[in-house]
Every structure is written in structure tokens, then in C-alpha cells.
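Participant: This is the content of protein-v9.json (JSON, C-alpha atoms):
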[["chain", "number", "residue", "atom", "x", "y", "z"],
["A", 747, "MET", "CA", 175.60, 148.58, 70.04],
["A", 748, "GLU", "CA", 171.81, 148.49, 70.33],
["A", 749, "GLU", "CA", 171.10, 151.35, 67.95],
["A", 750, "ILE", "CA", 167.71, 151.37, 66.22],
["A", 751, "TYR", "CA", 167.50, 152.03, 62.49],
["A", 752, "ILE", "CA", 164.13, 152.56, 60.83],
["A", 753, "ARG", "CA", 163.63, 152.01, 57.12],
["A", 754, "THR", "CA", 160.70, 151.77, 54.76],
["A", 755, "LEU", "CA", 160.64, 149.36, 51.88],
["A", 756, "SER", "CA", 158.29, 147.56, 49.56],
["A", 757, "LEU", "CA", 156.88, 144.50, 51.31],
["A", 758, "PRO", "CA", 154.00, 142.14, 50.50],
["A", 759, "ALA", "CA", 150.70, 143.72, 51.54],
["A", 760, "ARG", "CA", 150.18, 141.22, 54.39],
["A", 761, "ILE", "CA", 153.46, 142.26, 56.06],
["A", 762, "LYS", "CA", 153.23, 145.57, 57.89],
["A", 763, "GLY", "CA", 156.75, 145.47, 59.25],
["A", 764, "PHE", "CA", 159.41, 143.46, 60.99],
["A", 765, "THR", "CA", 162.55, 143.91, 63.07],
["A", 766, "SER", "CA", 165.88, 142.17, 62.71],
["A", 767, "LEU", "CA", 168.99, 142.19, 64.83],
["A", 768, "ASP", "CA", 172.19, 142.64, 62.82],
["A", 769, "ALA", "CA", 175.72, 141.37, 63.44],
["A", 770, "ASP", "CA", 176.63, 144.61, 65.25],
["A", 771, "GLY", "CA", 173.80, 144.15, 67.75],
["A", 772, "ASP", "CA", 171.74, 146.95, 66.21],
["A", 773, "TYR", "CA", 168.01, 146.73, 65.60],
["A", 774, "ASN", "CA", 166.69, 147.30, 62.09],
["A", 775, "ILE", "CA", 163.00, 148.07, 61.82],
["A", 776, "PHE", "CA", 161.53, 147.70, 58.34],
["A", 777, "ILE", "CA", 158.12, 149.26, 57.68],
["A", 778, "ASN", "CA", 155.98, 148.58, 54.61],
["A", 779, "GLU", "CA", 156.15, 151.73, 52.51],
["A", 780, "SER", "CA", 152.64, 151.22, 51.15],
["A", 781, "LEU", "CA", 151.00, 151.74, 54.56],
["A", 782, "SER", "CA", 149.23, 154.97, 55.49],
["A", 783, "GLN", "CA", 151.13, 157.29, 57.82],
["A", 784, "GLU", "CA", 148.93, 156.19, 60.73],
["A", 785, "ALA", "CA", 149.53, 152.51, 59.99],
["A", 786, "LYS", "CA", 153.28, 153.14, 59.72],
["A", 787, "GLU", "CA", 153.24, 154.79, 63.16],
["A", 788, "ARG", "CA", 151.25, 151.91, 64.70],
["A", 789, "THR", "CA", 153.61, 149.38, 63.12],
["A", 790, "LEU", "CA", 156.66, 151.27, 64.37],
["A", 791, "LYS", "CA", 155.21, 151.35, 67.89],
["A", 792, "HIS", "CA", 154.51, 147.61, 67.67],
["A", 793, "GLU", "CA", 158.06, 146.82, 66.53],
["A", 794, "ILE", "CA", 159.59, 149.01, 69.24],
["A", 795, "GLN", "CA", 157.51, 147.08, 71.76],
["A", 796, "HIS", "CA", 159.18, 143.88, 70.54],
["A", 797, "ILE", "CA", 162.57, 145.49, 71.17],
["A", 798, "SER", "CA", 161.70, 146.89, 74.59],
["A", 799, "GLU", "CA", 160.23, 143.57, 75.75],
["A", 800, "LYS", "CA", 163.28, 141.64, 74.52],
["A", 801, "HIS", "CA", 161.27, 139.49, 72.11],
["A", 802, "LEU", "CA", 164.12, 139.50, 69.59],
["A", 803, "GLU", "CA", 166.60, 138.12, 72.09],
["A", 804, "TYR", "CA", 164.11, 135.31, 72.73],
["A", 805, "PHE", "CA", 163.73, 134.77, 69.01],
["A", 806, "TYR", "CA", 167.44, 134.41, 68.39],
["A", 807, "ARG", "CA", 168.12, 132.43, 71.56],
["A", 808, "GLU", "CA", 165.23, 129.98, 71.34],
["A", 809, "CYS", "CA", 164.70, 129.96, 67.56],
["A", 810, "ALA", "CA", 161.03, 130.71, 68.06],
["A", 811, "ASP", "CA", 159.06, 131.64, 65.00],
["A", 812, "ALA", "CA", 157.36, 135.00, 64.53],
["A", 813, "ASP", "CA", 153.92, 133.53, 65.25],
["A", 814, "GLN", "CA", 155.12, 132.34, 68.66],
["A", 815, "ILE", "CA", 156.47, 135.78, 69.52],
["A", 816, "GLU", "CA", 153.24, 137.49, 68.44],
["A", 817, "LYS", "CA", 151.17, 135.00, 70.46],
["A", 818, "ALA", "CA", 153.34, 135.47, 73.55],
["A", 819, "GLU", "CA", 153.03, 139.24, 73.24],
["A", 820, "HIS", "CA", 149.23, 139.09, 73.25],
["A", 821, "GLU", "CA", 149.15, 136.79, 76.26],
["A", 822, "ILE", "CA", 150.92, 139.37, 78.42]]
Could you express the structure from this file as C-alpha cells?

Facilitator:
Amino acid sequence: MEEIYIRTLSLPARIKGFTSLDADGDYNIFINESLSQEAKERTLKHEIQHISEKHLEYFYRECADADQIEKAEHEI
């Protein structure tokens, strides 16, 4: 389906946000509700970049961990 759903929720302070792919093929972006509005917007932009650059498909296909994806993103 490839819809994008954005939600805020309580996360540990060190986690700004994350994206998951659900069984329907939709993207779910979760943003830490304790962030400032500006930080939420930056985090959302960052997570959308993961989607647009197909990082999640790599994650699920290759079983890479989040640190590998973040490192690969910054090498581009």
C-alpha cells in the first residue's frame, strides 16, 4: 500500500523517532512526543528520508541494524 502514518508517543529520551514497515506495506513513523516542535519536524524529515531512499527495504531484506542504516545514510 505504501501509505505513511505519523504518530507521536512516549519514547526514551535518546530516541527521537523511528519508522517501521507493517504487514500491509505501510510506513509507520513514530516521533517522540517530548521533543520540541522543531525537533519533531527535523525527526519527521529524517524518517521520511529513510523511506524515500529505500533504507527500510534494505533493513528488512538484509537484516541490517539501525546503526548500519544511519551510517550508510551519512556516507552518501

Participant: If you count only C-alpha atoms, which residues fall within 9 Å of Glu779 of chain A, apart from same-chain ones fewer than 3 positions away, as a list in words?

Facilitator: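 So the residues in contact are Arg753, Thr754, Leu755, Ser756, Leu757, Lys762, Phe776, Ser782 and Lys786 of chain A.
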
Participant: Please write the residues from the selection above to a file, keeping C-alpha atoms, as an mmCIF file, in the frame of the given file.

Facilitator:
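Resulting contents of selection16.cif:
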data_model
loop_
_atom_site.group_PDB
_atom_site.id
_atom_site.type_symbol
_atom_site.label_atom_id
_atom_site.label_comp_id
_atom_site.auth_asym_id
_atom_site.auth_seq_id
_atom_site.Cartn_x
_atom_site.Cartn_y
_atom_site.Cartn_z
ATOM 1 C CA ARG A 753 163.630 152.010 57.120
ATOM 2 C CA THR A 754 160.700 151.770 54.760
ATOM 3 C CA LEU A 755 160.640 149.360 51.880
ATOM 4 C CA SER A 756 158.290 147.560 49.560
ATOM 5 C CA LEU A 757 156.880 144.500 51.310
ATOM 6 C CA LYS A 762 153.230 145.570 57.890
ATOM 7 C CA PHE A 776 161.530 147.700 58.340
ATOM 8 C CA SER A 782 149.230 154.970 55.490
ATOM 9 C CA LYS A 786 153.280 153.140 59.720
#

Participant: Separation of atom CA of Ile761 of chain A and atom CA of Glu749 of chain A, in Å?

Facilitator: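 Calculated distance between atom CA of Ile761 of chain A and atom CA of Glu749 of chain A is 23.1 Å.
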
Participant: Have a look at atom CA of Ile750 of chain A and atom CA of Asn774 of chain A and let me know their distance in Å, one decimal.

Facilitator: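 Straight-line distance from atom CA of Ile750 of chain A to atom CA of Asn774 of chain A works out to 5.9 Å.
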
Participant: In Å, rounded to a single decimal, give me how far atom CA of Ile794 of chain A is from atom CA of Asp770 of chain A.

Facilitator: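 Atom-to-atom, atom CA of Asp770 of chain A to atom CA of Ile794 of chain A, that is 18.0 Å.
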
Participant: Do you know which residues lie at most 8 Å from (165.8, 146.7, 70.8), with coordinates as in the file and only C-alpha atoms counted, and could you write them as a PDB file with C-alpha atoms, in the frame of the given file?

Facilitator:
ATOM      1  CA  GLU A 748     171.810 148.490  70.330  1.00  0.00           C
ATOM      2  CA  GLU A 749     171.100 151.350  67.950  1.00  0.00           C
ATOM      3  CA  ILE A 750     167.710 151.370  66.220  1.00  0.00           C
ATOM      4  CA  ASP A 772     171.740 146.950  66.210  1.00  0.00           C
ATOM      5  CA  TYR A 773     168.010 146.730  65.600  1.00  0.00           C
ATOM      6  CA  ILE A 794     159.590 149.010  69.240  1.00  0.00           C
ATOM      7  CA  HIS A 796     159.180 143.880  70.540  1.00  0.00           C
ATOM      8  CA  ILE A 797     162.570 145.490  71.170  1.00  0.00           C
ATOM      9  CA  SER A 798     161.700 146.890  74.590  1.00  0.00           C
ATOM     10  CA  LYS A 800     163.280 141.640  74.520  1.00  0.00           C
ATOM     11  CA  LEU A 802     164.120 139.500  69.590  1.00  0.00           C
TER      12      LEU A 802
END

Participant: Could you give me, as a PyMOL selection string, the residues within 8 Å of Ile775 of chain A, counting all atoms listed in the file and dropping anything in the same chain fewer than 6 positions from it?

Facilitator: chain A and resi 750-753+763-766+790+793
